[in-house]
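Dropping model.csv in here (CSV, C-alpha atoms (C1' of nucleotides)):
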```csv
chain,number,residue,atom,x,y,z
A,1,MET,CA,78.8,140.3,18.7
A,2,GLY,CA,82.3,139.2,19.4
A,3,TRP,CA,84.4,140.4,22.3
A,4,GLU,CA,86.6,142.5,20.1
A,5,GLU,CA,83.7,144.5,18.8
A,6,ARG,CA,82.3,144.9,22.3
A,7,LEU,CA,85.6,146.2,23.5
A,8,SER,CA,85.9,148.6,20.6
A,9,GLN,CA,82.5,150.0,21.3
A,10,ALA,CA,83.6,150.6,24.9
A,11,GLY,CA,86.2,152.9,23.4
A,12,ARG,CA,89.1,150.5,24.0
A,13,ARG,CA,91.7,149.3,21.6
A,14,ILE,CA,92.3,145.7,20.6
A,15,THR,CA,95.8,144.9,21.7
A,16,MET,CA,98.0,141.9,22.0
A,17,PRO,CA,97.8,141.5,25.8
A,18,ARG,CA,94.0,141.7,25.7
A,19,ARG,CA,93.8,139.2,22.9
A,20,VAL,CA,96.1,136.8,24.8
A,21,VAL,CA,94.1,137.1,28.1
A,22,MET,CA,90.9,136.4,26.3
A,23,GLN,CA,92.4,133.5,24.5
A,24,ILE,CA,93.7,132.0,27.7
A,25,LEU,CA,90.4,132.4,29.5
A,26,GLN,CA,88.5,131.0,26.6
A,27,ARG,CA,90.5,127.8,26.9
A,28,ALA,CA,90.5,127.7,30.7
A,29,SER,CA,88.2,125.2,32.5
A,30,ARG,CA,88.5,126.9,35.9
A,31,PRO,CA,89.1,130.4,37.2
A,32,LEU,CA,92.7,131.6,36.7
A,33,SER,CA,94.7,134.1,38.7
A,34,PRO,CA,96.6,136.9,37.1
A,35,GLN,CA,99.8,135.0,37.7
A,36,GLU,CA,98.4,131.9,36.0
A,37,ILE,CA,97.1,133.9,33.1
A,38,HIS,CA,100.5,135.5,32.7
A,39,ALA,CA,102.4,132.2,32.8
A,40,ARG,CA,100.1,130.6,30.2
A,41,GLY,CA,100.0,133.8,28.1
A,42,ARG,CA,103.8,133.9,27.8
A,43,ARG,CA,103.7,130.7,26.0
A,44,ILE,CA,101.7,132.5,23.3
A,45,HIS,CA,103.6,135.8,23.5
A,46,ARG,CA,106.9,135.7,25.2
A,47,SER,CA,107.0,139.5,25.8
A,48,LEU,CA,103.7,139.6,27.7
A,49,GLY,CA,104.1,141.5,31.0
A,50,LEU,CA,102.4,140.7,34.2
A,51,VAL,CA,101.4,144.3,34.6
A,52,SER,CA,99.6,144.2,31.3
A,53,VAL,CA,97.6,141.1,32.5
A,54,TYR,CA,96.4,143.1,35.5
A,55,ARG,CA,95.5,146.0,33.3
A,56,ALA,CA,93.9,143.9,30.7
A,57,LEU,CA,91.8,142.2,33.3
A,58,ALA,CA,90.7,145.5,34.7
A,59,VAL,CA,89.6,146.8,31.3
A,60,LEU,CA,88.0,143.5,30.3
A,61,GLU,CA,86.1,143.3,33.5
A,62,GLN,CA,84.8,146.9,33.1
A,63,ALA,CA,83.6,145.9,29.7
A,64,GLY,CA,81.8,143.0,31.1
A,65,LEU,CA,83.8,140.4,29.2
A,66,VAL,CA,85.5,138.9,32.2
A,67,ARG,CA,84.5,138.5,35.8
A,68,ARG,CA,86.1,137.7,39.1
A,69,VAL,CA,85.2,134.6,41.1
A,70,HIS,CA,85.0,134.7,44.8
A,71,GLN,CA,86.1,131.7,46.8
A,72,GLU,CA,86.5,131.3,50.5
A,73,ASP,CA,90.2,131.5,50.4
A,74,ARG,CA,91.0,133.2,47.1
A,75,CYS,CA,89.3,136.0,45.2
A,76,ASP,CA,91.8,136.4,42.4
A,77,GLY,CA,90.3,134.0,39.9
A,78,TYR,CA,88.9,135.2,36.6
A,79,ILE,CA,86.6,133.6,34.1
A,80,LEU,CA,84.9,134.6,30.9
A,81,ALA,CA,81.7,136.4,31.5
A,82,SER,CA,78.6,135.8,29.4
A,83,PRO,CA,76.6,138.9,28.6
A,84,GLY,CA,73.8,139.6,31.1
A,85,HIS,CA,73.5,138.8,34.7
A,86,HIS,CA,74.6,135.3,35.5
A,87,HIS,CA,75.3,133.4,38.6
A,88,ILE,CA,78.2,131.0,39.1
A,89,LEU,CA,78.3,127.4,40.0
A,90,LEU,CA,81.7,126.3,41.2
A,91,CYS,CA,83.1,122.8,41.7
A,92,ARG,CA,85.1,122.8,44.9
A,93,ARG,CA,87.1,119.8,43.8
A,94,CYS,CA,88.2,120.6,40.3
A,95,GLY,CA,87.5,124.3,40.1
A,96,ARG,CA,85.3,123.9,37.0
A,97,THR,CA,82.7,126.8,36.8
A,98,VAL,CA,79.3,127.0,35.1
A,99,GLU,CA,77.4,130.1,34.6
A,100,PHE,CA,73.6,130.2,34.7
A,101,PRO,CA,71.1,133.0,34.3
A,102,GLY,CA,68.6,133.6,37.0
A,103,ALA,CA,68.2,137.1,38.3
A,104,GLU,CA,64.5,136.6,38.3
A,105,ASP,CA,64.6,133.7,40.7
A,106,LEU,CA,65.7,136.0,43.4
A,107,SER,CA,63.1,138.7,42.9
A,108,GLY,CA,60.7,137.3,45.5
A,109,LEU,CA,63.4,137.0,48.1
A,110,ILE,CA,64.7,140.5,47.3
A,111,ALA,CA,61.3,142.1,47.5
A,112,HIS,CA,60.8,140.4,50.8
A,113,ILE,CA,64.1,141.7,52.2
A,114,GLU,CA,63.5,145.2,50.9
A,115,ARG,CA,60.3,145.3,52.8
A,116,ARG,CA,61.8,144.0,56.0
A,117,THR,CA,65.0,146.0,56.0
A,118,GLY,CA,64.3,149.2,54.2
A,119,PHE,CA,67.2,148.6,51.9
A,120,HIS,CA,67.0,149.3,48.2
A,121,VAL,CA,68.7,146.3,46.6
A,122,GLU,CA,70.5,147.2,43.4
A,123,ASP,CA,72.7,144.2,42.7
A,124,HIS,CA,73.7,140.8,44.0
A,125,LEU,CA,76.4,138.3,44.1
A,126,LEU,CA,75.3,134.6,44.1
A,127,GLN,CA,77.7,131.8,43.9
A,128,LEU,CA,76.9,128.1,44.5
A,129,ILE,CA,79.6,125.8,45.6
A,130,GLY,CA,79.4,122.0,45.2
A,131,LEU,CA,80.6,119.1,43.2
A,132,CYS,CA,80.3,118.7,39.4
A,133,SER,CA,79.1,115.3,38.1
A,134,PRO,CA,82.5,113.9,37.2
A,135,CYS,CA,83.8,114.8,40.7
A,136,GLN,CA,80.8,113.3,42.4
A,137,ARG,CA,81.5,110.0,40.8
A,138,SER,CA,85.2,109.9,41.6
A,139,SER,CA,84.8,110.5,45.3
B,1,MET,CA,76.1,130.6,74.4
B,2,GLY,CA,78.6,133.4,74.2
B,3,TRP,CA,81.5,133.5,71.8
B,4,GLU,CA,84.1,132.7,74.4
B,5,GLU,CA,82.3,129.5,75.3
B,6,ARG,CA,82.0,128.6,71.6
B,7,LEU,CA,85.7,129.2,71.0
B,8,SER,CA,86.6,127.1,74.1
B,9,GLN,CA,84.5,124.3,72.8
B,10,ALA,CA,86.4,124.5,69.5
B,11,GLY,CA,89.5,123.8,71.5
B,12,ARG,CA,90.9,127.3,71.3
B,13,ARG,CA,92.1,129.5,74.1
B,14,ILE,CA,90.5,132.8,75.0
B,15,THR,CA,93.3,135.3,74.5
B,16,MET,CA,93.7,139.1,74.5
B,17,PRO,CA,94.0,139.5,70.7
B,18,ARG,CA,90.9,137.4,70.1
B,19,ARG,CA,89.0,139.4,72.7
B,20,VAL,CA,90.1,142.7,71.2
B,21,VAL,CA,89.2,141.6,67.7
B,22,MET,CA,85.7,140.5,68.8
B,23,GLN,CA,85.2,143.7,70.7
B,24,ILE,CA,86.2,145.8,67.7
B,25,LEU,CA,83.9,143.9,65.4
B,26,GLN,CA,81.0,144.0,67.9
B,27,ARG,CA,81.2,147.8,67.8
B,28,ALA,CA,81.8,148.1,64.0
B,29,SER,CA,79.0,149.2,61.7
B,30,ARG,CA,80.7,148.0,58.6
B,31,PRO,CA,83.2,145.4,57.5
B,32,LEU,CA,86.7,146.1,58.7
B,33,SER,CA,90.0,145.1,57.2
B,34,PRO,CA,92.7,143.5,59.2
B,35,GLN,CA,94.6,146.8,59.1
B,36,GLU,CA,91.6,148.7,60.4
B,37,ILE,CA,91.0,146.1,63.2
B,38,HIS,CA,94.6,146.4,64.1
B,39,ALA,CA,94.5,150.2,64.3
B,40,ARG,CA,91.4,150.3,66.4
B,41,GLY,CA,92.5,147.4,68.5
B,42,ARG,CA,95.7,149.1,69.5
B,43,ARG,CA,93.7,151.8,71.2
B,44,ILE,CA,92.5,149.1,73.5
B,45,HIS,CA,95.7,147.2,73.8
B,46,ARG,CA,98.8,149.0,72.7
B,47,SER,CA,100.8,145.8,72.3
B,48,LEU,CA,98.4,144.2,69.8
B,49,GLY,CA,100.3,142.9,66.8
B,50,LEU,CA,99.0,142.9,63.2
B,51,VAL,CA,100.0,139.3,62.8
B,52,SER,CA,97.8,138.4,65.7
B,53,VAL,CA,94.9,140.1,64.1
B,54,TYR,CA,95.4,137.9,61.0
B,55,ARG,CA,95.7,134.8,63.2
B,56,ALA,CA,92.7,135.8,65.4
B,57,LEU,CA,90.6,136.3,62.3
B,58,ALA,CA,91.5,132.9,60.9
B,59,VAL,CA,90.7,131.2,64.1
B,60,LEU,CA,87.4,133.1,64.7
B,61,GLU,CA,86.4,132.5,61.1
B,62,GLN,CA,87.0,128.8,61.5
B,63,ALA,CA,84.9,128.8,64.6
B,64,GLY,CA,82.1,130.6,62.7
B,65,LEU,CA,82.2,133.7,64.9
B,66,VAL,CA,83.4,136.0,62.2
B,67,ARG,CA,83.0,136.1,58.4
B,68,ARG,CA,84.6,137.7,55.4
B,69,VAL,CA,82.6,140.0,53.2
B,70,HIS,CA,83.2,140.0,49.5
B,71,GLN,CA,82.9,143.3,47.6
B,72,GLU,CA,83.7,143.9,44.0
B,73,ASP,CA,87.0,145.6,44.8
B,74,ARG,CA,87.9,144.4,48.2
B,75,CYS,CA,87.5,141.1,49.9
B,76,ASP,CA,89.3,141.8,53.1
B,77,GLY,CA,86.4,143.1,55.2
B,78,TYR,CA,85.3,141.1,58.3
B,79,ILE,CA,82.1,141.2,60.2
B,80,LEU,CA,80.6,139.3,63.2
B,81,ALA,CA,78.8,136.2,62.1
B,82,SER,CA,75.5,135.1,63.6
B,83,PRO,CA,75.2,131.4,64.2
B,84,GLY,CA,73.6,129.5,61.3
B,85,HIS,CA,73.5,130.3,57.6
B,86,HIS,CA,72.9,134.0,56.8
B,87,HIS,CA,73.1,136.1,53.8
B,88,ILE,CA,74.5,139.6,53.7
B,89,LEU,CA,73.0,142.8,52.7
B,90,LEU,CA,75.5,145.5,52.2
B,91,CYS,CA,75.1,149.3,51.7
B,92,ARG,CA,77.4,150.4,48.9
B,93,ARG,CA,77.4,154.0,50.2
B,94,CYS,CA,78.1,153.7,53.9
B,95,GLY,CA,79.2,150.1,54.1
B,96,ARG,CA,76.6,149.1,56.7
B,97,THR,CA,75.8,145.4,56.7
B,98,VAL,CA,72.7,143.5,57.7
B,99,GLU,CA,72.5,139.7,58.0
B,100,PHE,CA,69.4,137.8,57.2
B,101,PRO,CA,68.5,134.2,57.4
B,102,GLY,CA,67.2,132.6,54.2
B,103,ALA,CA,68.8,129.4,53.1
B,104,GLU,CA,65.4,128.0,52.4
B,105,ASP,CA,64.5,130.7,49.9
B,106,LEU,CA,67.1,129.4,47.5
B,107,SER,CA,66.1,125.7,47.8
B,108,GLY,CA,63.9,125.9,44.7
B,109,LEU,CA,66.5,127.6,42.6
B,110,ILE,CA,69.1,125.2,43.8
B,111,ALA,CA,67.1,122.1,43.1
B,112,HIS,CA,66.4,123.4,39.6
B,113,ILE,CA,70.1,124.0,38.9
B,114,GLU,CA,71.1,120.6,40.3
B,115,ARG,CA,68.7,119.0,37.8
B,116,ARG,CA,70.0,121.1,34.9
B,117,THR,CA,73.7,120.9,35.5
B,118,GLY,CA,74.3,117.6,37.4
B,119,PHE,CA,76.1,119.5,40.1
B,120,HIS,CA,75.5,118.6,43.7
B,121,VAL,CA,75.3,122.0,45.5
B,122,GLU,CA,76.7,122.0,49.0
B,123,ASP,CA,77.0,125.6,49.9
B,124,HIS,CA,76.4,129.1,48.6
B,125,LEU,CA,77.4,132.7,48.9
B,126,LEU,CA,74.7,135.3,48.5
B,127,GLN,CA,75.3,139.0,49.0
B,128,LEU,CA,72.9,141.7,48.1
B,129,ILE,CA,74.3,145.2,47.4
B,130,GLY,CA,72.2,148.3,47.6
B,131,LEU,CA,71.4,151.4,49.7
B,132,CYS,CA,70.2,151.4,53.3
B,133,SER,CA,67.3,153.7,54.1
B,134,PRO,CA,69.4,156.5,55.6
B,135,CYS,CA,71.6,156.5,52.5
B,136,GLN,CA,68.6,156.5,50.2
B,137,ARG,CA,67.2,159.6,51.7
B,138,SER,CA,70.5,161.5,51.6
B,139,SER,CA,71.1,161.0,47.9
C,1,DC,C1',101.1,126.7,91.7
C,2,DT,C1',103.5,124.1,88.0
C,3,DG,C1',104.1,122.1,83.6
C,4,DT,C1',102.6,121.7,79.0
C,5,DT,C1',101.2,123.5,74.9
C,6,DT,C1',99.1,127.2,72.5
C,7,DT,C1',99.6,131.7,71.3
C,8,DT,C1',102.0,136.0,70.9
C,9,DG,C1',104.9,140.1,68.8
C,10,DA,C1',108.6,141.4,66.0
C,11,DA,C1',111.3,140.9,62.1
C,12,DA,C1',112.0,139.0,57.9
C,13,DA,C1',110.3,137.0,53.8
C,14,DA,C1',107.1,136.1,50.3
C,15,DA,C1',103.5,137.3,47.5
C,16,DT,C1',100.4,140.5,45.3
C,17,DT,C1',99.1,144.8,43.3
C,18,DT,C1',100.0,149.6,41.9
C,19,DT,C1',102.8,153.3,40.2
C,20,DT,C1',106.0,155.5,37.2
C,21,DC,C1',108.0,156.4,32.8
C,22,DA,C1',110.1,156.1,28.4
C,23,DC,C1',108.9,153.6,24.4
C,24,DT,C1',105.6,151.2,21.1
C,25,DA,C1',101.7,150.4,18.4
C,26,DA,C1',96.5,150.9,17.5
C,27,DG,C1',93.4,153.2,15.0
C,28,DT,C1',92.0,157.6,12.8
C,29,DG,C1',92.0,161.1,9.2
C,30,DG,C1',94.2,162.3,5.7
D,1,DC,C1',99.0,153.6,2.6
D,2,DC,C1',101.1,156.9,5.7
D,3,DA,C1',101.7,160.0,9.5
D,4,DC,C1',99.8,161.5,13.9
D,5,DT,C1',97.7,161.2,18.2
D,6,DT,C1',96.9,159.0,22.1
D,7,DA,C1',96.1,154.7,24.5
D,8,DG,C1',98.6,151.0,25.9
D,9,DT,C1',103.0,148.4,26.9
D,10,DG,C1',107.0,146.2,29.6
D,11,DA,C1',110.3,146.8,33.1
D,12,DA,C1',111.7,148.4,37.4
D,13,DA,C1',110.5,150.2,41.6
D,14,DA,C1',107.3,151.0,45.2
D,15,DA,C1',103.6,150.1,48.0
D,16,DT,C1',100.6,146.7,50.1
D,17,DT,C1',99.1,142.7,52.0
D,18,DT,C1',99.9,138.2,53.9
D,19,DT,C1',102.8,134.4,55.7
D,20,DT,C1',106.7,132.4,58.0
D,21,DT,C1',109.9,131.9,61.6
D,22,DC,C1',111.3,131.9,66.3
D,23,DA,C1',112.2,133.0,71.1
D,24,DA,C1',109.3,134.6,74.8
D,25,DA,C1',104.8,135.0,77.1
D,26,DA,C1',100.6,133.4,78.8
D,27,DA,C1',96.4,130.2,78.9
D,28,DC,C1',94.6,126.6,81.4
D,29,DA,C1',94.6,121.6,83.0
D,30,DG,C1',95.9,119.2,86.9
```
Structure re-expressed in structure tokens:
Amino acid sequence: MGWEERLSQAGRRITMPRRVVMQILQRASRPLSPQEIHARGRRIHRSLGLVSVYRALAVLEQAGLVRRVHQEDRCDGYILASPGHHHILLCRRCGRTVEFPGAEDLSGLIAHIERRTGFHVEDHLLQLIGLCSPCQRSS
Amino acid sequence: MGWEERLSQAGRRITMPRRVVMQILQRASRPLSPQEIHARGRRIHRSLGLVSVYRALAVLEQAGLVRRVHQEDRCDGYILASPGHHHILLCRRCGRTVEFPGAEDLSGLIAHIERRTGFHVEDHLLQLIGLCSPCQRSS
DNA sequence: CTGTTTTTGAAAAAATTTTTCACTAAGTGG
DNA sequence: CCACTTAGTGAAAAATTTTTTCAAAAACAG
């Protein structure tokens, strides 16, 4: 099922700004900030407003089509989200991101922590930071 | 070794704003934003400037005494950091945080991912979100 | 103490995000 | 295919958050 259908089913309309944001993120090889998405998006649709980028990102994120990436310094980068729970692998050099599934790999750790702390764990955020193979070679 | 000594060894001076920020975070039971730290800090030292809170947090974070917490909506919360690598367990209801060690629990997962993606993983960010025991009972 | 250098607070600037509002256009039901 | 309803839009303004600048203050080494 394509993103347009998924968005429709979430009760949201398919509009120009949303199409442009998705298009930009589909092409991107690293997380992009709202500003960057806006700048690139205007090359497709001159009239695209920055406010609409913010709003589109909020809607798309809620629909699970897009997700925010957390870096030490910046937390305003967005990438396309695959359906289901995925973790992110981020290259600290070139910014490239790779998603990988793996909720189950943490279940042992989570069970252990729940026992020790009394918390009930509902969700998690896992991001790995390192160097992708091209960047390993060139450094 | 106390934080003052650790900061000295990092070549930084022990100053009033840094002492106040540490004192506030030591008392805090949840991540506090720079604004919140500033407001509470002024009750200890009326002259404390917001800018100095930002600067103190930057220095203390660099020295590993303090760390930023990433939430879905906000990423401006700071908590005290224990020495060494720790993960964070965060209650989504009351904001309480608990740190726990556990870099080793991920080593299998990381090795697997390095093999599959060619990345060289250097660091990671793991945060678990859930409900602490008091909040489980009261909901 | 005294001198050197870091650090501070205030003000201003820059940057980011949200709100408001009149207008536009998406998608539904004729 | 058209008209209607309502969600969504762009621009401007407002609100927030963070950074820069700079003269004055204060850490701390000697």
Item to check | Interface, chain D side, toward chain B (12 Å; all atoms listed in the file) as number ranges by chain | outcome: D: 16-20, 25-28
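By chain and then residue number, the residues within 12 Å of Gly64 (chain B) are B:Trp3, B:Arg6, B:Leu7, B:Ala10, B:Leu57, B:Ala58, B:Val59, B:Leu60, B:Arg68, B:Tyr78, B:Ile79, B:Leu80, B:Ala81, B:Ser82, B:Pro83, B:Gly84, B:His85, B:His86, counting only C-alpha atoms (C1' of nucleotides) and disregarding those fewer than 4 positions away in sequence.
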Item to check | Atomic separation - C1' of DG30 (chain C) relative to C1' of DC2 (chain D), Å | outcome: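 About the pair C1' of DC2 (chain D) and C1' of DG30 (chain C): they are 8.8 Å apart.
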Item to check | Within 12 Å of DG30 (chain D) using all atoms listed in the file, minus same-chain residues under 4 positions, as a ChimeraX atom specification | outcome: /C:1-4
Output as a Markdown table one row per residue of chain B within 8 Å of chain A: the closest atom pair and its distance in Å to one decimal place, counting all atoms listed in the file, sorted by chain and residue number ascending.
```
| residue | atom | partner | partner_atom | distance |
| --- | --- | --- | --- | --- |
| B:His70 | CA | A:His70 | CA | 7.3 |
| B:Cys75 | CA | A:Cys75 | CA | 7.2 |
| B:Cys91 | CA | A:Phe119 | CA | 7.9 |
| B:Asp105 | CA | A:Leu109 | CA | 6.6 |
| B:Leu106 | CA | A:Leu106 | CA | 7.9 |
| B:Leu109 | CA | A:Asp105 | CA | 6.7 |
| B:Thr117 | CA | A:Cys132 | CA | 8.0 |
| B:Gly118 | CA | A:Ser133 | CA | 5.4 |
| B:Phe119 | CA | A:Cys132 | CA | 4.3 |
| B:His120 | CA | A:Leu131 | CA | 5.1 |
| B:Val121 | CA | A:Gly130 | CA | 4.1 |
| B:Glu122 | CA | A:Gly130 | CA | 4.7 |
| B:Asp123 | CA | A:Ile129 | CA | 5.0 |
| B:His124 | CA | A:Leu128 | CA | 4.2 |
| B:Leu125 | CA | A:Gln127 | CA | 5.1 |
| B:Leu126 | CA | A:Leu126 | CA | 4.5 |
| B:Gln127 | CA | A:Leu125 | CA | 5.1 |
| B:Leu128 | CA | A:His124 | CA | 4.3 |
| B:Ile129 | CA | A:Asp123 | CA | 5.1 |
| B:Gly130 | CA | A:Val121 | CA | 4.2 |
| B:Leu131 | CA | A:His120 | CA | 5.1 |
| B:Cys132 | CA | A:Phe119 | CA | 4.3 |
| B:Ser133 | CA | A:Gly118 | CA | 5.4 |
| B:Gln136 | CA | A:His120 | CA | 7.6 |
```
Next on the checklist: As an exercise, work out the distance from CA of Leu32 (chain A) to CA of Arg137 (chain A) in Å and give it to one decimal place.
Outcome noted: 24.7 Å
Next on the checklist: Give me the residues near Ser52 (chain B) as a list in words, where near means some atom within 10 Å (using only C-alpha atoms (C1' of nucleotides)) and where sequence neighbours in that chain fewer than 3 positions away do not count.
Outcome noted: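 Here the answer would be Met16, Pro17, Arg18, Val21, Pro34, His38, Leu48, Gly49, Arg55, Ala56, Leu57 and Ala58 of chain B; DT7, DT8 and DG9 of chain C.
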Item to check | Distance in Å - CA of Ser29 (chain A) versus CA of Arg96 (chain A) | outcome: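 That distance, rounded to one decimal, is 5.5 Å.
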Next on the checklist: Between C:DT17, C:DG29, C:DC23, C:DT5, which residue has the minimum interatomic distance to chain A, considering only C-alpha atoms (C1' of nucleotides)?
Outcome noted: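 Among the listed residues, the smallest separation from chain A belongs to C:DT17.
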Can you build me a table of chain C residues sitting at most 10 Å from chain A, with the closest atom pair per residue and its distance in Å to one decimal, using all atoms listed in the file, sorted by chain and residue number, as a tab-separated table?
```
residue	atom	partner	partner_atom	distance
C:DT16	C1'	A:Gln35	CA	9.4
C:DT17	C1'	A:Tyr54	CA	8.4
C:DT18	C1'	A:Val51	CA	9.1
C:DA25	C1'	A:Thr15	CA	8.7
C:DA26	C1'	A:Arg13	CA	6.5
C:DG27	C1'	A:Arg13	CA	7.9
```
